[in-house]
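Raw upload.cif, mmCIF, C-alpha atoms:
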```cif
data_work
loop_
_atom_site.label_atom_id
_atom_site.label_comp_id
_atom_site.auth_asym_id
_atom_site.auth_seq_id
_atom_site.Cartn_x
_atom_site.Cartn_y
_atom_site.Cartn_z
CA MET A 838 -3.14 15.91 -24.85
CA GLN A 839 -1.45 12.62 -25.70
CA PRO A 840 2.04 11.87 -24.38
CA GLU A 841 4.91 11.33 -26.75
CA ASN A 842 5.08 7.70 -25.71
CA PRO A 843 7.63 8.23 -22.92
CA GLU A 844 9.37 5.21 -21.53
CA VAL A 845 8.09 5.42 -17.98
CA GLY A 846 10.83 4.24 -15.63
CA ALA A 847 13.17 3.53 -18.53
CA ASN A 848 16.88 3.77 -18.02
CA ASP A 849 18.32 6.78 -19.78
CA THR A 850 21.07 7.48 -17.24
CA GLY A 851 23.82 5.49 -18.90
CA ILE A 852 23.46 2.52 -16.53
CA ALA A 853 23.86 -0.73 -18.45
CA LEU A 854 20.59 -2.50 -19.19
CA PRO A 855 20.26 -6.28 -19.58
CA LYS A 856 21.64 -7.49 -22.88
CA PRO A 857 19.08 -7.96 -25.67
CA GLU A 858 19.56 -11.73 -25.57
CA GLU A 859 18.70 -11.67 -21.85
CA MET A 860 15.36 -9.95 -22.38
CA PRO A 861 12.29 -12.04 -23.24
CA SER A 862 11.42 -11.89 -26.92
CA CYS A 863 7.75 -11.55 -25.99
CA LEU A 864 8.28 -8.21 -24.22
CA PRO A 865 6.42 -5.71 -26.40
CA LYS A 866 7.75 -2.25 -27.12
CA THR A 867 4.54 -0.62 -25.92
CA MET A 868 1.88 -1.40 -23.34
CA ARG A 869 -1.49 -0.23 -22.07
CA ALA A 870 -1.38 2.00 -19.03
CA VAL A 871 -3.40 4.59 -17.14
CA ALA A 872 -1.42 7.82 -16.81
CA TYR A 873 -1.79 11.52 -16.09
CA ASP A 874 0.30 14.43 -17.35
CA ARG A 875 -0.94 17.11 -14.96
CA TYR A 876 -2.30 17.38 -11.44
CA GLY A 877 -6.05 17.43 -10.96
CA CYS A 878 -9.19 15.48 -10.19
CA ALA A 879 -9.74 11.89 -11.31
CA ASP A 880 -10.63 13.16 -14.79
CA VAL A 881 -6.93 13.64 -15.58
CA LEU A 882 -6.44 9.87 -15.61
CA ARG A 883 -6.56 8.40 -19.10
CA LEU A 884 -5.97 5.06 -20.75
CA THR A 885 -3.02 5.34 -23.13
CA GLU A 886 -0.31 3.42 -24.93
CA THR A 887 3.22 3.99 -23.64
CA ARG A 888 6.61 2.37 -23.97
CA THR A 889 7.19 -0.72 -21.87
CA PRO A 890 9.65 -0.10 -19.02
CA LEU A 891 13.09 -1.69 -19.13
CA PRO A 892 14.71 -3.02 -15.97
CA LYS A 893 17.73 -1.52 -14.32
CA PRO A 894 20.41 -3.99 -13.16
CA GLY A 895 18.95 -6.35 -10.56
CA GLU A 896 15.31 -5.51 -11.39
CA LEU A 897 12.47 -7.67 -12.64
CA ILE A 898 9.77 -7.15 -15.22
CA LEU A 899 6.29 -8.34 -14.25
CA ARG A 900 3.25 -8.96 -16.41
CA VAL A 901 0.59 -7.25 -14.30
CA VAL A 902 -2.80 -8.91 -13.79
CA ALA A 903 -4.09 -6.70 -10.96
CA ALA A 904 -3.09 -3.48 -9.21
CA GLY A 905 -4.09 -2.24 -5.77
CA VAL A 906 -5.45 1.27 -5.24
CA ASN A 907 -4.22 3.23 -2.23
CA PRO A 908 -4.87 6.76 -0.88
CA ILE A 909 -1.33 7.77 -1.86
CA ASP A 910 -2.33 7.26 -5.51
CA TYR A 911 -4.97 9.98 -5.55
CA ARG A 912 -3.02 12.29 -3.26
CA LEU A 913 -0.08 12.29 -5.65
CA ARG A 914 -2.45 12.70 -8.61
CA ARG A 915 -4.08 15.81 -7.19
CA GLY A 916 -0.69 17.32 -6.33
CA ASP A 917 -0.56 17.03 -2.54
CA ALA A 918 3.18 16.27 -2.74
CA ARG A 919 4.04 18.48 -5.71
CA TYR A 920 6.79 20.30 -3.81
CA ILE A 921 8.27 17.13 -2.35
CA LEU A 922 7.94 14.97 -5.46
CA PRO A 923 7.82 17.26 -8.49
CA GLY A 924 7.92 16.36 -12.19
CA GLY A 925 7.93 12.87 -13.63
CA PHE A 926 5.08 13.46 -16.07
CA PRO A 927 3.40 11.57 -17.50
CA ARG A 928 3.00 9.45 -14.39
CA ILE A 929 1.53 5.99 -14.02
CA PRO A 930 0.02 5.59 -10.52
CA GLY A 931 0.11 2.51 -8.35
CA TYR A 932 2.58 0.84 -6.00
CA ASP A 933 0.87 -2.56 -5.54
CA VAL A 934 0.75 -5.19 -8.27
CA ALA A 935 0.28 -8.91 -8.69
CA GLY A 936 0.99 -10.97 -11.78
CA THR A 937 3.66 -13.21 -13.25
CA VAL A 938 7.39 -12.78 -13.68
CA LEU A 939 8.38 -12.10 -17.28
CA PHE A 940 12.06 -11.34 -16.73
CA ALA A 941 14.21 -11.84 -13.64
CA PRO A 942 17.94 -11.89 -12.87
CA SER A 943 19.15 -15.34 -11.87
CA THR A 944 20.02 -14.18 -8.36
CA CYS A 945 16.66 -12.68 -7.30
CA GLY A 946 14.90 -15.83 -6.03
CA VAL A 947 12.03 -15.92 -8.53
CA MET A 948 11.83 -17.24 -12.07
CA PRO A 949 9.89 -16.32 -15.22
CA GLY A 950 6.36 -17.65 -14.90
CA ASP A 951 6.22 -17.44 -11.11
CA ARG A 952 3.06 -15.98 -9.59
CA VAL A 953 4.08 -12.99 -7.46
CA MET A 954 2.97 -9.82 -5.71
CA ALA A 955 5.15 -6.74 -5.61
CA PHE A 956 5.56 -3.46 -3.75
CA LEU A 957 6.96 -1.14 -6.41
CA GLY A 958 9.85 1.00 -5.26
CA ASP A 959 9.70 3.64 -8.00
CA LYS A 960 8.89 7.00 -6.41
CA TYR A 961 6.11 7.68 -8.93
CA GLY A 962 4.55 4.19 -8.87
CA GLY A 963 3.98 2.44 -12.19
CA GLY A 964 1.39 -0.19 -11.26
CA TYR A 965 -1.60 0.73 -13.43
CA ALA A 966 -0.02 -0.82 -16.51
CA SER A 967 0.34 -4.09 -18.40
CA TYR A 968 3.98 -4.38 -17.31
CA ALA A 969 5.89 -3.06 -14.31
CA ARG A 970 9.46 -3.14 -13.13
CA CYS A 971 10.46 -3.71 -9.54
CA SER A 972 13.46 -4.53 -7.37
CA ALA A 973 14.08 -8.04 -6.13
CA ASN A 974 13.58 -6.73 -2.58
CA GLY A 975 9.99 -5.77 -3.37
CA VAL A 976 8.63 -9.06 -4.70
CA SER A 977 7.37 -12.32 -3.20
CA LYS A 978 5.89 -15.50 -4.60
CA ILE A 979 2.22 -16.11 -3.85
CA PRO A 980 0.41 -19.43 -3.40
CA ASP A 981 -2.08 -20.72 -5.95
CA SER A 982 -4.79 -20.34 -3.32
CA LEU A 983 -4.41 -16.55 -3.47
CA SER A 984 -5.97 -14.82 -6.47
CA PHE A 985 -4.08 -12.05 -8.25
CA GLU A 986 -6.77 -9.59 -7.17
CA GLN A 987 -6.36 -10.57 -3.53
CA ALA A 988 -2.57 -10.45 -3.80
CA ALA A 989 -2.61 -6.98 -5.36
CA ALA A 990 -4.46 -5.67 -2.30
CA ILE A 991 -1.68 -6.71 0.06
CA PRO A 992 1.79 -5.18 -0.49
CA LEU A 993 1.62 -1.50 0.49
CA ALA A 994 -1.37 -1.64 2.84
CA ALA A 995 -0.35 -4.76 4.74
CA SER A 996 3.33 -3.71 4.81
CA THR A 997 2.20 -0.40 6.31
CA ALA A 998 0.25 -2.26 9.00
CA LEU A 999 3.06 -4.73 9.74
CA GLN A 1000 5.85 -2.16 9.88
CA SER A 1001 3.72 0.26 11.94
CA LEU A 1002 2.84 -2.35 14.54
CA ARG A 1003 6.06 -4.36 14.70
CA ASP A 1004 8.82 -1.84 13.96
CA HIS A 1005 7.35 1.43 15.22
CA GLY A 1006 4.81 0.16 17.74
CA LYS A 1007 7.05 -2.59 19.17
CA ILE A 1008 4.06 -4.90 19.41
CA ARG A 1009 4.33 -8.19 21.27
CA SER A 1010 2.07 -10.70 22.98
CA GLY A 1011 -0.23 -8.97 25.47
CA THR A 1012 0.19 -5.47 24.02
CA GLN A 1013 -2.95 -3.35 24.34
CA VAL A 1014 -3.51 -1.91 20.85
CA LEU A 1015 -6.06 0.59 19.59
CA ILE A 1016 -6.54 0.82 15.82
CA ASN A 1017 -8.29 3.99 14.68
CA GLY A 1018 -9.81 3.33 11.25
CA ALA A 1019 -9.94 -0.44 11.69
CA SER A 1020 -12.22 -1.41 8.81
CA GLY A 1021 -10.34 0.13 5.87
CA GLY A 1022 -7.52 -1.34 3.81
CA VAL A 1023 -4.63 -0.80 6.24
CA GLY A 1024 -6.84 -1.04 9.33
CA ALA A 1025 -8.29 -4.45 8.51
CA PHE A 1026 -4.80 -5.85 7.97
CA ALA A 1027 -3.63 -4.20 11.19
CA VAL A 1028 -6.35 -5.86 13.27
CA GLN A 1029 -5.37 -9.29 11.96
CA ILE A 1030 -1.61 -8.78 12.25
CA ALA A 1031 -1.96 -7.47 15.80
CA LYS A 1032 -3.96 -10.56 16.77
CA ALA A 1033 -1.39 -12.81 15.09
CA TYR A 1034 1.26 -11.20 17.31
CA GLY A 1035 -0.86 -11.90 20.41
CA ALA A 1036 -2.10 -8.38 21.10
CA GLU A 1037 -5.45 -7.37 22.56
CA VAL A 1038 -7.15 -5.17 19.98
CA THR A 1039 -9.63 -2.32 20.31
CA ALA A 1040 -11.05 -1.33 16.93
CA VAL A 1041 -12.41 2.14 16.18
CA SER A 1042 -14.82 2.44 13.28
CA SER A 1043 -18.45 3.19 12.49
CA ALA A 1044 -21.21 1.07 14.02
CA ALA A 1045 -22.00 -0.41 10.60
CA ASN A 1046 -18.58 -2.08 10.61
CA GLU A 1047 -18.60 -3.50 14.13
CA SER A 1048 -19.49 -7.04 13.05
CA PHE A 1049 -16.84 -6.92 10.33
CA VAL A 1050 -13.95 -5.85 12.58
CA ARG A 1051 -14.98 -8.34 15.24
CA SER A 1052 -15.09 -11.08 12.59
CA ILE A 1053 -11.44 -10.44 11.73
CA GLY A 1054 -10.33 -10.52 15.35
CA ALA A 1055 -11.06 -7.28 17.21
CA ASP A 1056 -11.61 -7.87 20.94
CA HIS A 1057 -13.25 -4.52 21.71
CA PHE A 1058 -15.05 -1.92 19.64
CA ILE A 1059 -15.59 1.85 19.77
CA ASP A 1060 -18.09 3.60 17.53
CA TYR A 1061 -16.37 6.89 16.76
CA LYS A 1062 -19.72 8.55 16.14
CA GLN A 1063 -20.83 7.80 19.67
CA SER A 1064 -17.64 8.37 21.65
CA THR A 1065 -14.06 9.55 21.21
CA PHE A 1066 -11.33 7.13 22.26
CA THR A 1067 -9.12 10.02 23.44
CA ASP A 1068 -11.74 10.80 26.11
CA SER A 1069 -11.70 7.22 27.38
CA ASN A 1070 -10.53 6.16 30.81
CA GLN A 1071 -8.81 3.17 29.23
CA ILE A 1072 -5.07 3.06 28.57
CA TRP A 1073 -3.37 1.51 25.53
CA ASP A 1074 0.27 0.62 24.86
CA LEU A 1075 -0.08 1.49 21.21
CA VAL A 1076 -2.42 3.77 19.30
CA PHE A 1077 -2.22 3.13 15.56
CA ASP A 1078 -4.00 6.05 13.93
CA VAL A 1079 -4.64 4.63 10.46
CA ALA A 1080 -7.38 7.14 9.77
CA GLY A 1081 -5.17 10.09 10.63
CA LYS A 1082 -8.11 11.72 12.40
CA SER A 1083 -6.48 12.03 15.78
CA SER A 1084 -3.03 13.25 16.87
CA TYR A 1085 -0.26 12.54 19.32
CA SER A 1086 -1.30 15.43 21.56
CA LYS A 1087 -4.88 14.16 21.75
CA SER A 1088 -3.83 10.52 22.23
CA ARG A 1089 -1.10 11.11 24.79
CA ASN A 1090 -3.40 10.85 27.79
CA VAL A 1091 -4.61 7.37 26.79
CA LEU A 1092 -1.10 5.99 26.23
CA SER A 1093 0.59 3.89 28.89
CA ARG A 1094 4.01 4.84 30.16
CA GLY A 1095 6.33 3.84 27.35
CA GLY A 1096 3.36 3.82 24.99
CA ARG A 1097 3.55 4.76 21.34
CA TYR A 1098 1.41 6.70 18.89
CA VAL A 1099 1.89 5.77 15.21
CA SER A 1100 0.26 7.48 12.26
CA THR A 1101 0.46 7.02 8.50
CA GLU A 1102 -0.41 10.61 7.65
CA PRO A 1103 2.74 12.50 6.58
CA SER A 1104 2.92 16.18 7.47
CA VAL A 1105 5.39 18.81 8.65
CA SER A 1106 3.81 18.80 12.11
CA GLY A 1107 4.05 15.01 12.15
CA ALA A 1108 7.76 15.11 11.34
CA ILE A 1109 8.30 17.63 14.16
CA MET A 1110 6.30 15.41 16.51
CA SER A 1111 8.47 12.38 15.65
CA ILE A 1112 11.62 14.32 16.54
CA ALA A 1113 10.22 16.12 19.57
CA THR A 1114 8.99 12.94 21.28
CA LYS A 1115 12.05 10.81 20.60
CA LEU A 1116 13.40 11.15 24.14
CA LEU A 1117 10.00 11.06 25.87
CA SER A 1118 8.52 7.97 27.48
CA LYS A 1119 5.44 8.32 25.26
CA LYS A 1120 6.64 8.48 21.68
CA GLY A 1121 4.95 9.57 18.46
CA THR A 1122 5.93 8.47 14.95
CA ILE A 1123 4.81 9.17 11.40
CA MET A 1124 5.72 6.15 9.29
CA LEU A 1125 6.18 5.55 5.59
CA ALA A 1126 6.15 1.93 4.44
CA ARG A 1127 9.12 0.59 2.51
CA PRO A 1128 9.38 -2.42 0.18
CA CYS A 1129 10.83 -5.43 1.98
CA ARG A 1130 10.87 -8.97 0.60
CA GLU A 1131 11.01 -10.56 4.06
CA ASP A 1132 7.92 -8.61 5.13
CA LEU A 1133 6.02 -9.68 2.02
CA ARG A 1134 6.94 -13.28 2.75
CA GLU A 1135 5.76 -12.92 6.33
CA LEU A 1136 2.43 -11.58 5.08
CA VAL A 1137 2.07 -14.54 2.72
CA GLU A 1138 2.80 -16.88 5.63
CA LEU A 1139 0.03 -15.25 7.66
CA ILE A 1140 -2.36 -15.78 4.75
CA GLU A 1141 -1.36 -19.44 4.37
CA ALA A 1142 -1.67 -20.01 8.12
CA GLY A 1143 -5.23 -18.64 8.06
CA LYS A 1144 -4.29 -15.73 10.35
CA MET A 1145 -4.96 -13.04 7.76
CA SER A 1146 -7.49 -12.68 4.97
CA VAL A 1147 -8.06 -10.10 2.24
CA THR A 1148 -11.27 -8.11 1.95
CA ILE A 1149 -11.91 -6.49 -1.42
CA ASP A 1150 -14.31 -3.58 -1.51
CA ARG A 1151 -14.70 -3.49 -5.29
CA LEU A 1152 -12.97 -4.43 -8.56
CA PHE A 1153 -12.58 -2.02 -11.49
CA PRO A 1154 -11.28 -2.69 -15.01
CA LEU A 1155 -8.21 -0.70 -16.05
CA GLN A 1156 -10.22 1.66 -18.23
CA GLN A 1157 -12.26 2.66 -15.18
CA ALA A 1158 -9.29 3.66 -13.02
CA ALA A 1159 -10.76 7.16 -12.66
CA ASP A 1160 -13.88 5.63 -11.09
CA ALA A 1161 -11.67 3.63 -8.72
CA HIS A 1162 -10.03 6.90 -7.62
CA ARG A 1163 -13.38 8.58 -7.14
CA ARG A 1164 -14.52 5.73 -4.93
CA ILE A 1165 -11.45 5.70 -2.69
CA GLU A 1166 -11.57 9.50 -2.37
CA THR A 1167 -15.11 9.33 -1.00
CA GLY A 1168 -14.02 6.77 1.58
CA VAL A 1169 -14.02 2.97 1.60
CA ASP A 1170 -15.75 1.32 4.53
CA ARG A 1171 -14.25 -2.14 4.23
CA GLY A 1172 -11.13 -3.48 2.59
CA LYS A 1173 -9.32 -2.56 -0.60
CA ILE A 1174 -10.10 -1.40 -4.13
CA VAL A 1175 -8.34 -3.34 -6.89
CA ILE A 1176 -7.93 -2.66 -10.61
CA GLN A 1177 -8.02 -5.61 -13.01
CA VAL A 1178 -5.26 -4.85 -15.49
CA GLY A 1179 -4.85 -7.97 -17.62
CA GLN A 1180 -5.84 -11.57 -18.12
CA GLU A 1181 -4.51 -14.31 -15.87
CA PRO A 1182 -1.99 -16.34 -17.90
CA ALA A 1183 -3.15 -19.76 -19.04
CA PRO A 1184 -1.60 -22.64 -17.08
#
```

The structure in this file should be written as structure tokens.
Amino acid sequence: MQPENPEVGANDTGIALPKPEEMPSCLPKTMRAVAYDRYGCADVLRLTETRTPLPKPGELILRVVAAGVNPIDYRLRRGDARYILPGGFPRIPGYDVAGTVLFAPSTCGVMPGDRVMAFLGDKYGGGYASYARCSANGVSKIPDSLSFEQAAAIPLAASTALQSLRDHGKIRSGTQVLINGASGGVGAFAVQIAKAYGAEVTAVSSAANESFVRSIGADHFIDYKQSTFTDSNQIWDLVFDVAGKSSYSKSRNVLSRGGRYVSTEPSVSGAIMSIATKLLSKKGTIMLARPCREDLRELVELIEAGKMSVTIDRLFPLQQAADAHRRIETGVDRGKIVIQVGQEPAP
């Protein structure tokens, strides 16, 4: 069933849009996008033509070259959050994009033509499309040395790692950190960010990924198929459970006094755990990343300083977005999956 060309993310609430003379004349009325109009397996994703989004006051329009693929994309597609985030069909997945600025308010710090990456703040996403809108707080310029595909892999995953370690984990120089799921998209960034902050890092992954996680900075390694870190005699100040395979109750015994357990897996039990441990010396937190321009800039600075690199598992063209979802659902050993949406603009 084809959609009736809805204007995904368009402003129909009565809020004033930019004046016609302020919008670029090259902004087309329609665009290519991958969307779905019902929950289901990856087969519900389809390439379609839909109306180009218009910015709300203070927002930008980006011409998308590449979009990152994250677990949240397929979880929303299959309906895992249908009671928390209902409606919004047809939906365009994707929260990570990289491309060039097409339209920007004069006060947002970037200009048309700038190369940028963005963490989209729309609750439904919008990244798997030729154009996307985003807030000024969710965008950062990127250096010429960083490809659009590499940049698209960064925003949500690396922001999740940074905010988990710095804001929730209170990481600092000398912190003993364990990262469970260290070779995946978020985990690989977490290893590098933790090292940049001066932490000592223990990486948990499969034996096949030991050389990889050590190459990006891990000091110690645990093969989860051979031993369970929660049974270890070692103590850590921070357990970052990227994989979501452990729990606060299981990890509590390996946390130091004042230690913290941070997970990225939202759940009712996780929310209860966050509240219940607030006054305890060993705290547990379920985190959700938020767009933050300063964080994106910090991540770019780490890239430019050579303290963080991007590992791409595989690239998919836009028309194969369903295959990209199938791959991430089966598990990605190393790095990020990225969708190539459009052509890089000519210089």

Report task. Write out as a list in words which residues come within 7 Å of A:Leu1075 when counting all atoms listed in the file, dropping same-chain ones fewer than 4 positions away. Result -> Gly1006, Gln1013, Val1014, Leu1015, Leu1092, Gly1096, Arg1097 and Tyr1098 of chain A

Sorted by chain and rising residue number, which residues of stretch 969-1065 of chain A lie within 12 Å of stretch 1150-1164 of chain A, and what are their closest atom pairs and distances in Å to one decimal, counting all atoms listed in the file, as a Markdown table?
```
| residue | atom | partner | partner_atom | distance |
| --- | --- | --- | --- | --- |
| A:Phe985 | CA | A:Leu1152 | CA | 11.7 |
| A:Glu986 | CA | A:Leu1152 | CA | 8.2 |
| A:Gln987 | CA | A:Leu1152 | CA | 10.3 |
| A:Ala989 | CA | A:Leu1152 | CA | 11.1 |
| A:Ala990 | CA | A:Asp1150 | CA | 10.1 |
| A:Ser1020 | CA | A:Asp1150 | CA | 10.8 |
| A:Gly1021 | CA | A:Asp1150 | CA | 9.2 |
| A:Gly1022 | CA | A:Asp1150 | CA | 8.9 |
| A:Ala1025 | CA | A:Asp1150 | CA | 11.7 |
```

Report summary line: A straight line from atom CA of A:Phe1058 to atom CA of A:Thr1039 spans 5.5 Å

Query raised in the report: What does the distance from atom CA of A:Ser1086 to atom CA of A:Gly1121 come to in Å, to one decimal?
Result: 9.1 Å

Requested in this report: Run the PyMOL selection byres ((chain A and resi 958-964) around 7) against the file shown and list the residues it catches, as a ChimeraX atom specification.
Outcome: /A:904,928-934,956-957,965-966,969,971-972,1128

Grab all the atoms of stretch 875-885 of chain A that the file lists, wrap them in a box along x, y and z, add 4 Å per side, and give me centre plus edge lengths in Å (one decimal) as lines of an AutoDock Vina configuration file.
```
center_x = -5.8
center_y = 11.2
center_z = -16.7
size_x = 17.7
size_y = 20.4
size_z = 20.9
```

**Report entry** Picked residues, the PyMOL selection byres ((chain A and resi 1140) around 12), expected as a list in words
**Finding:**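 What the PyMOL selection byres ((chain A and resi 1140) around 12) grabs from the file is Ile979, Pro980, Asp981, Ser982, Leu983, Ser984, Gln987, Ala988, Ile991, Ala995, Phe1026, Gln1029, Ile1030, Ala1033, Leu1133, Arg1134, Glu1135, Leu1136, Val1137, Glu1138, Leu1139, Glu1141, Ala1142, Gly1143, Lys1144, Met1145, Ser1146 and Val1147 of chain A.
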
Report task. Check which residues satisfy the PyMOL selection byres ((chain A and resi 1046) around 10) in the file shown, then give them as a VMD selection string. Result -> chain A and resid 1019 to 1021 1040 to 1045 1047 to 1052 1058 1060 1170 to 1171
